[in-house]
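To be precise, the following lines are protein08.cif, and they hold mmCIF, C-alpha atoms.
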```cif
data_my_file
#
loop_
_atom_site.label_atom_id
_atom_site.label_comp_id
_atom_site.auth_asym_id
_atom_site.auth_seq_id
_atom_site.Cartn_x
_atom_site.Cartn_y
_atom_site.Cartn_z
CA MET A 1 19.69 -64.07 140.07
CA PHE A 2 20.76 -67.05 138.07
CA GLY A 3 24.33 -65.97 137.69
CA LYS A 4 26.21 -65.74 134.37
CA LYS A 5 24.77 -64.62 131.08
CA THR A 6 25.50 -67.05 128.23
CA LYS A 7 27.94 -65.71 125.70
CA PRO A 8 26.64 -65.30 122.13
CA ILE A 9 28.09 -68.05 119.84
CA GLU A 10 30.52 -66.73 117.31
CA GLY A 11 30.29 -67.62 113.58
CA MET A 12 31.16 -71.33 113.35
CA ASP A 13 32.79 -72.95 110.30
CA LEU A 14 31.24 -76.28 109.34
CA ASN A 15 33.74 -78.96 108.43
CA LEU A 16 32.52 -80.09 105.02
CA THR A 17 35.41 -82.42 104.20
CA SER A 18 33.75 -85.63 105.39
CA MET A 19 30.52 -84.73 103.61
CA MET A 20 32.50 -84.02 100.43
CA ASP A 21 34.14 -87.45 100.72
CA MET A 22 30.74 -89.10 101.02
CA PHE A 23 29.33 -87.17 98.07
CA THR A 24 32.33 -88.04 95.93
CA ILE A 25 31.87 -91.76 96.63
CA ILE A 26 28.14 -91.56 95.82
CA LEU A 27 28.86 -89.60 92.65
CA VAL A 28 31.42 -92.11 91.39
CA PHE A 29 29.06 -95.00 92.10
CA LEU A 30 26.19 -93.29 90.29
CA ILE A 31 28.35 -92.40 87.29
CA PHE A 32 29.31 -96.08 86.97
CA SER A 33 25.71 -97.22 87.13
CA PHE A 34 24.57 -94.52 84.71
CA SER A 35 22.39 -96.07 82.09
CA ASN A 36 22.54 -95.03 78.48
CA GLN A 37 19.80 -97.46 77.55
CA ASP A 38 16.94 -96.52 75.28
CA GLN A 39 14.23 -94.93 77.39
CA ASN A 40 11.60 -96.48 75.09
CA LEU A 41 11.86 -99.62 77.19
CA LYS A 42 9.70 -99.52 80.29
CA LEU A 43 9.94 -102.51 82.53
CA ASP A 44 6.62 -103.83 83.71
CA PRO A 45 6.45 -104.07 87.52
CA ASP A 46 4.05 -107.06 87.23
CA ILE A 47 6.64 -109.14 85.39
CA THR A 48 9.62 -111.04 86.78
CA LEU A 49 11.92 -111.29 83.80
CA PRO A 50 14.06 -114.38 83.28
CA GLU A 51 17.81 -114.04 83.62
CA SER A 52 20.11 -114.57 80.68
CA SER A 53 23.73 -114.20 79.64
CA ALA A 54 22.68 -112.30 76.49
CA ALA A 55 24.60 -109.10 75.85
CA ILE A 56 22.63 -107.41 73.08
CA GLU A 57 21.42 -103.92 73.89
CA PHE A 58 17.84 -102.86 73.62
CA LYS A 59 16.76 -100.86 70.56
CA TRP A 60 13.53 -99.24 69.48
CA ALA A 61 10.69 -101.73 69.11
CA ILE A 62 6.97 -102.21 69.73
CA ASN A 63 6.51 -103.27 73.36
CA ILE A 64 4.32 -106.27 74.10
CA ASN A 65 4.06 -107.24 77.76
CA LEU A 66 2.53 -110.51 78.86
CA THR A 67 1.95 -110.36 82.60
CA PRO A 68 0.32 -113.17 84.62
CA THR A 69 -2.99 -111.20 84.43
CA GLU A 70 -2.88 -109.07 81.28
CA LEU A 71 -1.61 -108.71 77.74
CA ARG A 72 -0.47 -105.14 77.02
CA VAL A 73 0.75 -103.47 73.87
CA GLU A 74 2.55 -100.17 74.37
CA GLY A 75 0.89 -99.94 77.79
CA ASN A 76 -2.67 -100.51 76.51
CA THR A 77 -4.44 -103.55 77.92
CA ILE A 78 -5.51 -105.78 75.03
CA ALA A 79 -6.67 -108.89 76.86
CA LYS A 80 -7.02 -110.37 80.32
CA VAL A 81 -5.16 -113.54 81.26
CA LYS A 82 -6.55 -116.05 83.73
CA ASN A 83 -4.80 -119.27 84.74
CA GLY A 84 -2.41 -119.06 81.80
CA LYS A 85 -5.19 -118.59 79.23
CA PHE A 86 -6.77 -115.57 77.54
CA ALA A 87 -10.11 -114.66 79.12
CA GLY A 88 -12.96 -112.56 77.74
CA VAL A 89 -11.31 -111.97 74.40
CA LYS A 90 -11.82 -113.40 70.93
CA VAL A 91 -9.15 -116.00 70.15
CA ASP A 92 -9.07 -117.73 66.78
CA ARG A 93 -7.67 -121.15 67.76
CA ASP A 94 -7.42 -122.43 64.16
CA LYS A 95 -5.36 -119.50 62.98
CA LYS A 96 -3.62 -119.23 66.38
CA ARG A 97 -4.55 -115.57 66.60
CA VAL A 98 -5.57 -113.25 69.44
CA VAL A 99 -7.99 -111.09 67.43
CA PRO A 100 -7.67 -107.71 69.25
CA LEU A 101 -3.87 -108.00 69.29
CA PHE A 102 -3.86 -108.85 65.58
CA ASN A 103 -6.06 -105.82 64.81
CA TRP A 104 -3.84 -103.52 66.89
CA LEU A 105 -0.65 -104.71 65.21
CA LYS A 106 -2.19 -104.66 61.75
CA LYS A 107 -3.15 -101.01 62.32
CA ALA A 108 0.41 -100.30 63.50
CA LYS A 109 1.78 -101.96 60.36
CA ASP A 110 -0.47 -99.83 58.16
CA ILE A 111 0.66 -96.64 59.91
CA GLU A 112 4.26 -97.77 59.58
CA ALA A 113 3.79 -98.25 55.83
CA ARG A 114 2.52 -94.67 55.47
CA GLU A 115 4.78 -92.81 57.88
CA LYS A 116 8.33 -93.20 59.11
CA VAL A 117 7.59 -94.38 62.65
CA ASN A 118 10.71 -96.36 63.48
CA PRO A 119 13.51 -93.84 64.22
CA THR A 120 16.25 -96.39 63.48
CA GLY A 121 14.96 -97.03 59.96
CA ASP A 122 15.43 -100.80 60.41
CA GLU A 123 12.68 -103.35 60.20
CA THR A 124 10.42 -102.96 63.25
CA VAL A 125 10.57 -105.81 65.71
CA ILE A 126 8.57 -106.73 68.78
CA SER A 127 10.13 -106.26 72.18
CA PHE A 128 8.57 -109.02 74.22
CA GLN A 129 8.44 -108.97 78.01
CA ALA A 130 6.90 -111.93 79.74
CA ASP A 131 6.98 -113.32 83.23
CA LYS A 132 9.50 -116.12 83.62
CA ASN A 133 6.74 -118.50 84.73
CA THR A 134 4.62 -117.96 81.62
CA PRO A 135 3.79 -121.26 79.89
CA PHE A 136 4.78 -121.51 76.23
CA GLU A 137 1.20 -122.13 75.05
CA ILE A 138 0.08 -118.54 75.70
CA MET A 139 3.39 -117.10 74.48
CA ASP A 140 2.99 -118.99 71.25
CA PHE A 141 -0.38 -117.34 70.65
CA VAL A 142 1.14 -113.87 71.04
CA MET A 143 4.14 -114.67 68.83
CA LYS A 144 2.07 -116.26 66.06
CA THR A 145 -0.41 -113.35 66.14
CA ALA A 146 2.41 -110.83 65.76
CA ALA A 147 3.98 -112.84 62.94
CA GLN A 148 0.66 -112.94 61.08
CA ALA A 149 0.32 -109.16 61.47
CA GLY A 150 3.73 -108.70 59.83
CA TYR A 151 6.10 -108.75 62.79
CA PRO A 152 7.91 -112.13 62.79
CA ASN A 153 11.02 -110.89 64.60
CA PHE A 154 11.21 -110.58 68.36
CA ARG A 155 13.53 -109.38 71.05
CA PHE A 156 12.97 -111.19 74.32
CA VAL A 157 13.71 -108.77 77.13
CA VAL A 158 15.77 -110.45 79.87
CA LEU A 159 17.80 -109.47 82.89
CA LYS A 160 21.53 -109.66 82.32
CA THR A 161 23.32 -112.02 84.68
CA MET B 162 69.06 -67.35 112.61
CA LYS B 163 65.31 -67.34 112.51
CA SER B 164 63.59 -66.27 109.33
CA LYS B 165 61.57 -63.22 109.74
CA ARG B 166 59.10 -64.12 107.00
CA GLU B 167 55.55 -64.00 108.20
CA GLU B 168 53.74 -67.32 108.17
CA THR B 169 50.65 -67.19 105.94
CA PRO B 170 47.52 -68.56 107.61
CA PRO B 171 45.99 -71.69 105.97
CA VAL B 172 43.43 -70.76 103.33
CA ALA B 173 40.01 -72.30 103.84
CA LEU B 174 38.64 -73.42 100.47
CA ASN B 175 35.11 -72.39 99.71
CA MET B 176 33.39 -75.74 99.25
CA VAL B 177 29.89 -74.38 98.92
CA PRO B 178 29.79 -74.14 95.07
CA ILE B 179 31.14 -77.71 94.74
CA MET B 180 28.56 -78.92 97.24
CA ASN B 181 25.85 -77.21 95.20
CA LEU B 182 27.09 -78.89 92.05
CA PHE B 183 27.14 -82.29 93.75
CA LEU B 184 23.64 -81.80 95.09
CA ALA B 185 22.39 -81.01 91.60
CA MET B 186 24.22 -83.96 90.00
CA ILE B 187 23.22 -86.65 92.48
CA PRO B 188 19.42 -86.53 91.88
CA PHE B 189 20.00 -86.47 88.11
CA LEU B 190 22.33 -89.49 88.20
CA LEU B 191 20.02 -91.27 90.61
CA MET B 192 17.20 -90.98 88.07
CA CYS B 193 19.34 -92.32 85.24
CA ALA B 194 21.02 -95.06 87.24
CA ALA B 195 20.34 -98.64 86.20
CA PHE B 196 20.48 -100.94 89.17
CA PHE B 197 19.84 -103.95 86.94
CA GLN B 198 20.97 -104.42 83.37
CA VAL B 199 18.46 -105.30 80.71
CA SER B 200 19.44 -107.21 77.64
CA VAL B 201 17.62 -108.81 74.72
CA ILE B 202 17.66 -112.12 72.88
CA ASN B 203 16.84 -112.08 69.20
CA ALA B 204 14.28 -114.67 68.14
CA SER B 205 11.89 -115.17 65.28
CA VAL B 206 8.85 -117.14 64.30
CA PRO B 207 9.07 -119.39 61.21
CA ALA B 208 7.75 -117.65 58.12
CA LEU B 209 6.09 -119.19 55.10
CA SER B 210 8.16 -119.17 51.95
CA ASP B 211 6.67 -118.98 48.46
CA GLY B 212 9.50 -121.17 47.21
CA THR B 213 10.64 -118.76 44.46
CA ASP B 214 14.25 -118.69 45.69
CA ALA B 215 14.83 -122.34 44.99
CA ALA B 216 13.19 -122.30 41.57
CA GLY B 217 15.41 -123.01 38.59
CA ASP B 218 18.94 -124.21 39.32
CA GLU B 219 19.91 -126.96 41.72
CA PRO B 220 20.89 -125.55 45.15
CA LYS B 221 24.51 -126.10 46.24
CA LYS B 222 25.03 -128.75 48.90
CA GLU B 223 26.27 -127.31 52.15
CA LEU B 224 27.93 -130.06 54.16
CA LYS B 225 29.33 -127.80 56.87
CA LYS B 226 25.92 -126.55 57.89
CA VAL B 227 23.02 -128.13 59.74
CA THR B 228 19.85 -126.76 61.28
CA VAL B 229 19.30 -128.17 64.75
CA ASN B 230 15.82 -128.87 66.08
CA LEU B 231 15.70 -128.66 69.84
CA GLN B 232 12.53 -130.05 71.36
CA ILE B 233 11.89 -129.21 75.01
CA GLY B 234 9.61 -131.68 76.71
CA GLN B 235 8.72 -132.55 80.28
CA ASP B 236 11.35 -135.32 80.29
CA GLY B 237 14.22 -133.25 78.90
CA PHE B 238 15.69 -132.13 75.59
CA SER B 239 15.51 -133.95 72.31
CA LEU B 240 17.84 -133.03 69.45
CA SER B 241 17.54 -133.71 65.76
CA ALA B 242 19.10 -132.11 62.69
CA MET B 243 18.25 -131.13 59.15
CA GLY B 244 20.74 -130.52 56.36
CA ASP B 245 22.26 -131.75 53.12
CA GLN B 246 24.11 -134.60 54.85
CA SER B 247 23.11 -138.24 54.57
CA PRO B 248 20.19 -139.42 56.78
CA GLU B 249 22.61 -141.65 58.73
CA GLU B 250 24.92 -138.73 59.51
CA LEU B 251 21.99 -136.53 60.55
CA GLN B 252 20.66 -139.26 62.79
CA LYS B 253 24.00 -139.39 64.61
CA ILE B 254 23.68 -135.69 65.50
CA GLY B 255 20.35 -136.25 67.18
CA GLY B 256 19.74 -137.66 70.62
CA LYS B 257 18.08 -137.12 73.94
CA ILE B 258 19.32 -135.22 76.98
CA PRO B 259 17.16 -136.36 79.91
CA LYS B 260 16.58 -134.33 83.04
CA LYS B 261 19.17 -134.64 85.81
CA ALA B 262 17.69 -134.76 89.32
CA LYS B 263 14.38 -133.39 87.97
CA GLU B 264 16.19 -130.38 86.48
CA TYR B 265 16.97 -129.66 82.84
CA ASP B 266 20.60 -130.43 82.04
CA PHE B 267 21.60 -127.14 80.40
CA GLU B 268 25.32 -127.90 80.77
CA LYS B 269 25.03 -131.08 78.75
CA LEU B 270 22.93 -129.24 76.18
CA ALA B 271 25.60 -126.53 75.86
CA GLU B 272 28.29 -129.21 75.45
CA ARG B 273 26.27 -131.03 72.80
CA MET B 274 25.53 -127.84 70.87
CA LYS B 275 29.22 -126.89 70.97
CA ALA B 276 30.20 -130.32 69.63
CA ILE B 277 27.68 -129.99 66.78
CA HIS B 278 28.87 -126.48 65.99
CA ASP B 279 32.53 -127.57 66.02
CA LYS B 280 31.77 -130.25 63.45
CA TYR B 281 29.43 -128.15 61.30
CA ASN B 282 30.95 -124.73 61.83
CA LYS B 283 28.80 -122.85 59.32
CA SER B 284 25.67 -123.67 61.28
CA ASP B 285 23.86 -120.80 62.93
CA THR B 286 20.21 -121.78 63.18
CA VAL B 287 18.43 -123.63 65.94
CA ILE B 288 14.71 -124.27 65.88
CA ILE B 289 13.38 -124.40 69.44
CA LEU B 290 10.21 -126.43 69.84
CA PRO B 291 8.91 -126.27 73.39
CA ALA B 292 5.92 -128.27 74.59
CA LYS B 293 2.79 -126.34 75.62
CA ASP B 294 3.51 -126.26 79.34
CA ILE B 295 7.21 -125.39 79.21
CA LEU B 296 7.98 -122.18 81.06
CA TYR B 297 9.49 -119.10 79.43
CA ASP B 298 12.45 -119.25 81.83
CA THR B 299 13.37 -122.74 80.57
CA ILE B 300 13.13 -121.57 76.95
CA VAL B 301 15.44 -118.60 77.66
CA LYS B 302 17.98 -120.87 79.40
CA ALA B 303 17.88 -123.34 76.48
CA MET B 304 18.43 -120.43 74.07
CA ASP B 305 21.42 -119.30 76.17
CA ALA B 306 22.93 -122.79 76.10
CA SER B 307 22.60 -123.07 72.34
CA ARG B 308 23.47 -119.48 71.39
CA GLU B 309 26.92 -118.96 72.87
CA ARG B 310 29.55 -120.20 75.26
CA ILE B 311 31.27 -117.77 77.60
CA THR B 312 34.95 -118.70 77.47
CA ASP B 313 36.17 -115.93 79.76
CA LYS B 314 33.63 -114.46 82.14
CA ARG B 315 35.94 -111.71 83.41
CA LEU B 316 36.84 -110.39 79.96
CA ASP B 317 33.39 -111.30 78.57
CA ILE B 318 34.78 -113.40 75.72
CA ARG B 319 32.06 -115.40 74.00
CA GLU B 320 32.14 -118.13 71.41
CA HIS B 321 29.11 -117.85 69.18
CA LEU B 322 27.27 -121.06 68.35
CA PHE B 323 23.69 -121.02 67.08
CA THR B 324 22.91 -117.31 67.07
CA ASN B 325 19.77 -117.51 64.98
CA ALA B 326 16.96 -118.86 67.18
CA VAL B 327 13.58 -119.68 65.72
CA VAL B 328 10.83 -120.44 68.22
CA SER B 329 7.91 -122.56 67.14
CA SER B 330 5.46 -125.04 68.57
CA ILE B 331 5.38 -128.80 68.10
CA LEU B 332 2.66 -129.70 65.62
#
```

Target encoding structure tokens, full file:
Amino acid sequence: MFGKKTKPIEGMDLNLTSMMDMFTIILVFLIFSFSNQDQNLKLDPDITLPESSAAIEFKWAININLTPTELRVEGNTIAKVKNGKFAGVKVDRDKKRVVPLFNWLKKAKDIEAREKVNPTGDETVISFQADKNTPFEIMDFVMKTAAQAGYPNFRFVVLKT
Amino acid sequence: MKSKREETPPVALNMVPIMNLFLAMIPFLLMCAAFFQVSVINASVPALSDGTDAAGDEPKKELKKVTVNLQIGQDGFSLSAMGDQSPEELQKIGGKIPKKAKEYDFEKLAERMKAIHDKYNKSDTVIILPAKDILYDTIVKAMDASRERITDKRLDIREHLFTNAVVSSIL
């Protein structure tokens, strides 16, 4: 009644050339931005790192992150930060020491003395990530605490310009 | 005369295995891609010395080396130096770099540090003394200005100045 029957479509060849071109471009771009950086470094999403022209690569270290709200060591929250000051945590102002951080690092130092923890075999340093708007006063507490626990050397993590 | 050779039909390459390979590689590379580069700055905190190194013989005077103290305050930078030179000579190294239009003058600081390093070329240590309320970003920029000078940005050629940064607080 309705006239012609539609013809069955024959096997159609897809033209993949343009898709191949696109994939090749994406592949080249991704190979160039491939990172061979140490996966031990995890950037904290709560921190806006400062920018720097430094060109030293990251190596194995103990991670201390000082966000606007928390102090974390290897991902564990050690203390809360409120208005640029430590809150609800014991701070020895005479010795310039954040007590729970000191205890954590002291324990790490003891473990390090017994077992080979650092895979590089070099002296263990602190990898320090802090928000670019962190005042020096609170940073100083963290740095002095680490130094007293036996870690006087730091690597400030920054974004390469 | 026309050639009687039969014309071979164009061969269609089988792209499917290459496509499969690409599809496997792209997610892997996407996971490992770094869309921003992370770098580190070496710094240390001053350590107490028991003084045993200096015991006994008189230490040699090093006139080509100074240790620069860089104070960062709300009004700008303040430089001073320590070394085996005469107090008058050390005083000449020091000085103030005030803020320019309410901003820290990092260019002037870099120039000053380069001039000091040119004169005392064995120097490598700068002690950075920020005030309590100075922001981390300012400290990092001051460290950049005193650590090195990029002479060629394209080829990434750097002239090293004060590579050993010690961060401490003003007492």

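Nearest residue to A:Gly75, choosing from A:Lys42, A:Trp104, A:Thr161, A:Phe34 and counting only C-alpha atoms: A:Lys42.
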
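Nearest residue to chain A, choosing from B:Ser247, B:Asn282, B:Ser241, B:Ser330 and counting only C-alpha atoms: B:Ser330.
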
message: I need the chain A residues near chain B as a PyMOL selection string; criterion: at most 8 Å, counting all atoms listed in the file.
response: chain A and resi 16+20+23+26-27+30-31+33-36+50-58+130-137+140+143-144+147+152-160

- request: Evaluate the PyMOL selection byres ((chain A and resi 146) around 9) here and jot the selected residues down as a ChimeraX atom specification.
  value: /A:97,101-102,105-106,126,141-145,147-153

Spell out the residues picked by the PyMOL selection byres ((chain B and resi 226) around 9) here, as a compact mmCIF listing (two decimals) with C-alpha atoms, in the frame of the given file.
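result-v3.txt, written as the output of this step:
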```txt
# COMPACT_ATOMS: atom_id res chain seq x y z
CA GLU B 223 26.27 -127.31 52.15
CA LEU B 224 27.93 -130.06 54.16
CA LYS B 225 29.33 -127.80 56.87
CA VAL B 227 23.02 -128.13 59.74
CA THR B 228 19.85 -126.76 61.28
CA GLY B 244 20.74 -130.52 56.36
CA ASP B 245 22.26 -131.75 53.12
CA GLN B 246 24.11 -134.60 54.85
CA HIS B 278 28.87 -126.48 65.99
CA LYS B 280 31.77 -130.25 63.45
CA TYR B 281 29.43 -128.15 61.30
CA ASN B 282 30.95 -124.73 61.83
CA LYS B 283 28.80 -122.85 59.32
CA SER B 284 25.67 -123.67 61.28
CA ASP B 285 23.86 -120.80 62.93
```

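Distance annotation: of A:Pro100, A:Asn15, A:Lys59, A:Glu123, the residue with the minimal separation from A:Asn76 is A:Pro100; atom set is all atoms listed in the file.
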
Expanded to explicit residues, what is the PyMOL selection byres ((chain B and resi 267) around 10) for this file, as a JSON list (two decimals) with C-alpha atoms, keeping the file's coordinate frame?
```
[["chain", "number", "residue", "atom", "x", "y", "z"],
["B", 237, "GLY", "CA", 14.22, -133.25, 78.90],
["B", 238, "PHE", "CA", 15.69, -132.13, 75.59],
["B", 258, "ILE", "CA", 19.32, -135.22, 76.98],
["B", 260, "LYS", "CA", 16.58, -134.33, 83.04],
["B", 261, "LYS", "CA", 19.17, -134.64, 85.81],
["B", 264, "GLU", "CA", 16.19, -130.38, 86.48],
["B", 265, "TYR", "CA", 16.97, -129.66, 82.84],
["B", 266, "ASP", "CA", 20.60, -130.43, 82.04],
["B", 268, "GLU", "CA", 25.32, -127.90, 80.77],
["B", 269, "LYS", "CA", 25.03, -131.08, 78.75],
["B", 270, "LEU", "CA", 22.93, -129.24, 76.18],
["B", 271, "ALA", "CA", 25.60, -126.53, 75.86],
["B", 272, "GLU", "CA", 28.29, -129.21, 75.45],
["B", 273, "ARG", "CA", 26.27, -131.03, 72.80],
["B", 299, "THR", "CA", 13.37, -122.74, 80.57],
["B", 302, "LYS", "CA", 17.98, -120.87, 79.40],
["B", 303, "ALA", "CA", 17.88, -123.34, 76.48],
["B", 304, "MET", "CA", 18.43, -120.43, 74.07],
["B", 305, "ASP", "CA", 21.42, -119.30, 76.17],
["B", 306, "ALA", "CA", 22.93, -122.79, 76.10],
["B", 307, "SER", "CA", 22.60, -123.07, 72.34]]
```

Write out as a PDB file with C-alpha atoms, in the frame of the given file which residues come within 12 Å of A:Ala87 when counting all atoms listed in the file, dropping same-chain ones fewer than 3 positions away.
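To be explicit, this is the file written out as result.pdb:
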```pdb
ATOM      1  CA  PRO A  68       0.320-113.170  84.620  1.00  0.00           C
ATOM      2  CA  THR A  69      -2.990-111.200  84.430  1.00  0.00           C
ATOM      3  CA  GLU A  70      -2.880-109.070  81.280  1.00  0.00           C
ATOM      4  CA  LEU A  71      -1.610-108.710  77.740  1.00  0.00           C
ATOM      5  CA  ILE A  78      -5.510-105.780  75.030  1.00  0.00           C
ATOM      6  CA  ALA A  79      -6.670-108.890  76.860  1.00  0.00           C
ATOM      7  CA  LYS A  80      -7.020-110.370  80.320  1.00  0.00           C
ATOM      8  CA  VAL A  81      -5.160-113.540  81.260  1.00  0.00           C
ATOM      9  CA  LYS A  82      -6.550-116.050  83.730  1.00  0.00           C
ATOM     10  CA  ASN A  83      -4.800-119.270  84.740  1.00  0.00           C
ATOM     11  CA  GLY A  84      -2.410-119.060  81.800  1.00  0.00           C
ATOM     12  CA  LYS A  90     -11.820-113.400  70.930  1.00  0.00           C
ATOM     13  CA  VAL A  91      -9.150-116.000  70.150  1.00  0.00           C
ATOM     14  CA  VAL A  98      -5.570-113.250  69.440  1.00  0.00           C
ATOM     15  CA  ILE A 138       0.080-118.540  75.700  1.00  0.00           C
TER      16      ILE A 138
END
```

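Relative to atom CA of A:Lys85, atom CA of B:Leu240 is found at 28.9 Å.
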
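If you look at atom CA of A:Ile62 and atom CA of A:Glu112, they are 11.4 Å away from each other.
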
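Computed from the coordinates, the atom CA of B:Pro170 to atom CA of A:Ser18 distance equals 22.0 Å.
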
Please extract stretch 25-100 of chain A and write it out with C-alpha atoms, as a tab-separated table (two decimals), in the first residue's frame.
```
chain	number	residue	atom	x	y	z
A	25	ILE	CA	47.41	14.46	18.59
A	26	ILE	CA	46.01	13.54	22.03
A	27	LEU	CA	48.62	10.81	22.44
A	28	VAL	CA	51.52	13.13	21.61
A	29	PHE	CA	50.21	15.77	24.01
A	30	LEU	CA	49.81	13.23	26.81
A	31	ILE	CA	53.26	11.76	26.24
A	32	PHE	CA	54.74	15.26	26.59
A	33	SER	CA	52.88	15.92	29.82
A	34	PHE	CA	53.73	12.48	31.20
A	35	SER	CA	54.98	12.86	34.72
A	36	ASN	CA	57.82	10.80	36.07
A	37	GLN	CA	57.56	12.45	39.45
A	38	ASP	CA	57.68	10.50	42.68
A	39	GLN	CA	54.19	9.28	43.46
A	40	ASN	CA	54.93	9.70	47.19
A	41	LEU	CA	53.95	13.35	46.81
A	42	LYS	CA	50.23	13.91	47.06
A	43	LEU	CA	49.09	17.45	46.58
A	44	ASP	CA	46.57	18.62	49.13
A	45	PRO	CA	43.41	19.99	47.48
A	46	ASP	CA	42.91	22.40	50.41
A	47	ILE	CA	46.21	24.14	49.73
A	48	THR	CA	47.06	26.74	47.10
A	49	LEU	CA	50.79	26.37	46.71
A	50	PRO	CA	52.96	29.41	46.03
A	51	GLU	CA	54.65	29.68	42.66
A	52	SER	CA	58.40	29.58	42.33
A	53	SER	CA	61.15	29.39	39.73
A	54	ALA	CA	62.80	26.50	41.62
A	55	ALA	CA	63.76	23.53	39.47
A	56	ILE	CA	64.64	20.84	41.99
A	57	GLU	CA	62.66	17.63	41.65
A	58	PHE	CA	60.73	16.09	44.47
A	59	LYS	CA	62.27	13.13	46.30
A	60	TRP	CA	61.10	10.85	49.08
A	61	ALA	CA	60.33	12.72	52.29
A	62	ILE	CA	57.89	12.88	55.21
A	63	ASN	CA	54.88	14.92	54.11
A	64	ILE	CA	53.65	17.69	56.38
A	65	ASN	CA	50.70	19.69	55.07
A	66	LEU	CA	49.59	22.91	56.70
A	67	THR	CA	46.19	23.84	55.32
A	68	PRO	CA	44.18	26.89	56.45
A	69	THR	CA	42.16	24.54	58.75
A	70	GLU	CA	44.39	21.58	59.61
A	71	LEU	CA	47.91	20.33	60.19
A	72	ARG	CA	48.44	16.90	58.62
A	73	VAL	CA	51.37	14.52	58.69
A	74	GLU	CA	51.31	11.79	56.06
A	75	GLY	CA	47.57	12.40	55.70
A	76	ASN	CA	46.79	12.08	59.43
A	77	THR	CA	45.25	15.15	61.05
A	78	ILE	CA	47.47	16.23	63.95
A	79	ALA	CA	45.92	19.57	64.87
A	80	LYS	CA	43.18	21.98	63.88
A	81	VAL	CA	44.02	25.50	62.74
A	82	LYS	CA	41.72	28.43	63.37
A	83	ASN	CA	42.46	32.02	62.29
A	84	GLY	CA	46.12	31.23	61.69
A	85	LYS	CA	46.63	29.64	65.12
A	86	PHE	CA	46.58	26.07	66.43
A	87	ALA	CA	43.30	25.25	68.19
A	88	GLY	CA	42.49	22.48	70.66
A	89	VAL	CA	46.00	21.13	70.76
A	90	LYS	CA	48.84	21.35	73.26
A	91	VAL	CA	51.41	23.91	72.13
A	92	ASP	CA	54.54	24.53	74.17
A	93	ARG	CA	55.15	28.23	73.47
A	94	ASP	CA	58.48	28.38	75.36
A	95	LYS	CA	60.01	25.52	73.43
A	96	LYS	CA	58.12	26.53	70.25
A	97	ARG	CA	56.74	23.02	69.92
A	98	VAL	CA	53.42	21.57	68.75
A	99	VAL	CA	53.34	18.60	71.16
A	100	PRO	CA	51.38	16.01	69.08
```
